[in-house]
Each structure stands twice: as C-alpha cells, then as structure tokens.
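Notes follow once the structure below has been shown.
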Amino acid sequence: MSANHAANEICTDYVLDYFKYLTAAVMTVITVWRFPAVRYGDSHRRALWGGYAGFALALCLYTPAAMNALDLIPVVDLSALLRHFASTAAIMSSLTYVAASYGKSSGTFVPRHVEVSRWIARASYKAGAIGVALLAILFFTVVHRDKPSQDFLIDHAGQGGVAVYMTVFYFFPLVTTAVCGYQWTRTARQAESASMRVGLLLMGIAMWMGLVHTLARIAILWAAVAIPLSLSTVQFLVDVTSIWMDLLFLIVAVGASVPTTRVAASRWKTWCTLYRIYPLWFDLVEAFPGTSLYPPGRCFAELMQIRVPIDVRLDRWTHDIADACEKLRYYAPRDLVFAAEDMAAPCSDPEPTAEAYWIKAAIQATSTEQPSLHAATPLRDKPFVDTEGEAAWLVRVSMVYSHITSDQVQELLCESARMESETDR
C-alpha cells in the first residue's frame, strides 16, 4: 500500500507541475502576443496587457524551476512574496481595464455598476500600495519561515500568521473576480459580434471560478487554524484548488484569444503580403535612396521589426513603390510599356506581368541611362479603392518580378529600342 501511495503522490505531483508550466507558458505567449498594445494601444489596451503580464509573471514564479532558482537567494520563501506582489499588480491592471472599458461618460446619468467599477479602479491604486506594504510587513513578521517550503500554503497550514497574511492578499482577487465576473458576464449579452460575446462570456465564467477559488482558499486557511487538519487533507484541498486555478487561467486565455482571431488572421495576411512584395519594394527603394523613410533592410529584419505597426508598414510600402515607379518613368525608354505589354500578352496573367517586366527593365535602365527631361509613357491606371486592393495587385506583380531573368530584361530593352526607332522614322 505504501508503494502505491508513493506512486500516486508522484503521479499527482507530475500532473500539477505539468499544469503549472502549461498555464505559465500560455499566459506568457498571450503577453508577448499582445505586447504591441504597450506601444501602440490606448490606456484601455495597456491596462489589459498589464493584467496579462502580471499574471504571467505570477504563474512563472509558481513553477518549480522558478521556485528552485529563487531558493538560491537567502530569503526564505521569497518566491511566494514576489508571486503575491505580481498578482496584486495584475489585479490592479485588471480593475483599471474593466473601468476603462466603459470609456469617459459626459452624460449626467452614469449607471450604478459603472460608477462602482470606476470607483473601485481609482481606489485600487492606494489600496494596492497599502496592501503590498502590509503584505511585506506581515511576511517578515508573523509568517514563520524556518525553512524553505515546497508549497507555501500546505507547509504553513494551521499558522494564524499565514492565515492573516493570505487573507490580506486574497482580499484583492476577491474584489476583482466579483467586479470582473459581473461586468464581463453582463457585457457579453450586449456584445455585437459572436466572437466578442463568446470571449467575454468565457472570461466572465473564469472570474466566477476565481471568486469560488478565493473563497475556498480563505476557508481552507482558517479551517486549518480553527480545526487542526491532517497534512493529507490540506494537501488534497490545496491541490484541488490549484488545478481549479490553472483551469480558470486557461479559460481566461481562450476567452481573451477568441475576439482577436479576426485580428490575428488579418495580421497574418498582411505579414504574408509584405513578404511577397518585399523583392519588388526592396529593389525599387534601393534604386532610389530616400524614397523610403528609412534604409531598407534584409527580408527577415524588415518583417520582424516592430517599430511601425504592420498595417502602417504595408501602406508605406505601397506608397514607396508608387513613388519609385513614378521616378522610373524618367529613366525608362519611351515605349517600354508597349514592349512590355507585347511580351506579356501570351502569359496567363498579362497585366501584372507587363508591369513587372516594365519595372525590371526600367530599374536596369537606371544603371546605364541618364534621367530624361520628359517622362516615359505611364503604366496603365488601376481602379484601386484602398491599400488592400493595391497590395493585392502588387503581390501579383512581385510574383512575376521575382522570376524575370536578365536575358528577358535585355530582350525587352532591345525590343523597346527597336519600337522607338521605328516610331522616329
């Protein structure tokens, strides 16, 4: 029996550690994914990112690897204190996010639940500062920390000082889960899109689960003080609530991701468009330095940089290409566009093929010809209505452009010169 019991404990510990690493990894990925909100987002999005970042840090500090690393610092159970600090910061950001979700109302009437949420968010900063200071004082005074603990709650169960310390800490998630659960559940019914409705509903459910988790943890702590509980009982209750907490964080992650699926798909499409038109854009801005706002880099560096939002970059690239093509008209042979159209006529997609031929040959001409006083015949007008339509056209052009050989360019230039000489006769 003892061997089976030991094997069961090892299996349980393995499952718990797996969930700890899983939830920490998922929240970290979401934090990194939403990082652009710090630079480009408003206070509403930055507050949401702050909540994700705080919870991701707290969950990372809860993993065995982080706890073992912090044990090297000569402060017993420092990982628990830092974890509670990170959670408190995340809670404050979450309250700010909920309050900011309602915007700034200039009307004379503000619903009571909105007014209460905003008041709690404003008060959370002072309360959070007081709470962090109080946690630090209680941690170093009333919590008995003779040796490092494998699990802070289990190893300190039955201590009145720890019950007081954790009750102070749990006050913040108690308020936050109640406020967020009510607001997100209520808002889910009024959401315009199905994805937003599902996302808010999942996050609301997770917050109600968080409220149950917080109340259960407080009950376990004080029950262990009032009624001495066996170590196995405390461990079972704490493990169950830990799995409950990991599950609610996974639901939060799913709920937060559902409304952004459209945005993620749009960003991926834009990223692929940039990748496809990069050869065309790079050669044109290389041919005319100063066309782009910054010197062009290699493909990987350009696609990975985050100094400019991806949709703004696409808009800039389309403008750069258009500006460079206009400059090419002063280097291109006069009848190059007609020669390009004749060469592209047999192709399956002649119009973008002709434009690709023209651009490739005109770039070649810049290395051998001086700019003319008069511009060559322009490219055919395209009925673009937005950047997306223009970018889709440039993708077709760039696909052909990347496969044009130097022999084809020379043949096209020769044909253009022949057509020009016949015209001059």
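By order in the structure tokens, chains are A, B, ...; within a chain, residues start at 1; ligands start at 1, following the order shown.
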Once you count only C-alpha atoms, what closest atom pair and distance in Å to one decimal does each residue of segment 179-282 of chain A within 12 Å of segment 57-78 of chain A have, with rows by chain and rising residue number, as a Markdown table?
| residue | atom | partner | partner_atom | distance |
| --- | --- | --- | --- | --- |
| A:Ser242 | CA | A:Tyr62 | CA | 10.7 |
| A:Met245 | CA | A:Leu59 | CA | 10.4 |
| A:Asp246 | CA | A:Leu59 | CA | 9.1 |
| A:Phe249 | CA | A:Leu59 | CA | 9.6 |
| A:Leu250 | CA | A:Leu59 | CA | 11.7 |
Based on the selection just made, write C-alpha atoms of those residues as a PDB file, in the first residue's frame.
ATOM      1  CA  SER A 242      -4.628  24.720  -7.638  1.00  0.00           C
ATOM      2  CA  MET A 245      -6.987  27.947 -10.639  1.00  0.00           C
ATOM      3  CA  ASP A 246      -4.945  26.591 -13.555  1.00  0.00           C
ATOM      4  CA  PHE A 249      -6.463  30.762 -16.282  1.00  0.00           C
ATOM      5  CA  LEU A 250      -6.670  28.542 -19.357  1.00  0.00           C
TER       6      LEU A 250
END
All residues 12 Å or closer to Ala127 of chain A, only C-alpha atoms, same chain fewer than 3 positions away omitted, as a list in words: Thr88, Ala89, Ile91, Met92, Trp119, Ile120, Ala121, Arg122, Ala123, Ser124, Ile130, Gly131, Val132, Ala133, Leu134, Leu135, Val168, Phe169, Phe171, Phe172 and Val175 of chain A
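Atom pair atom CA of Val258 of chain A / atom CA of Ile30 of chain A: separated by 11.8 Å.
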Using the chain letters and numbers from this document, which residues of segment 40-229 of chain A does DSSP assign to alpha helix (DSSP H), as a PyMOL selection string? chain A and resi 40+43-61+64-70+78-100+112-141+152-155+160-188+194-226
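Distances here use only C-alpha atoms; by that measure, the residue among A:Gly210, A:Gly199, A:Pro346, A:Pro295 closest to Tyr170 of chain A is A:Gly210.
Atom CA of Tyr331 of chain A lies 22.3 Å from atom CA of Ile277 of chain A.
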Near Ile363 of chain A, within 9 Å and counting only C-alpha atoms, which residues show up once chain neighbours fewer than 5 positions away are dropped, as number ranges by chain? A: 283-284, 287, 328, 331-332, 358
Atom CA of Thr318 of chain A to atom CA of Cys299 of chain A: how many Å, to one decimal? 16.1 Å
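Distances from A:Val212, A:Ala226, A:Ile310, A:Val285 to Ala264 of chain A were compared using only C-alpha atoms, and the smallest one belongs to A:Ile310.
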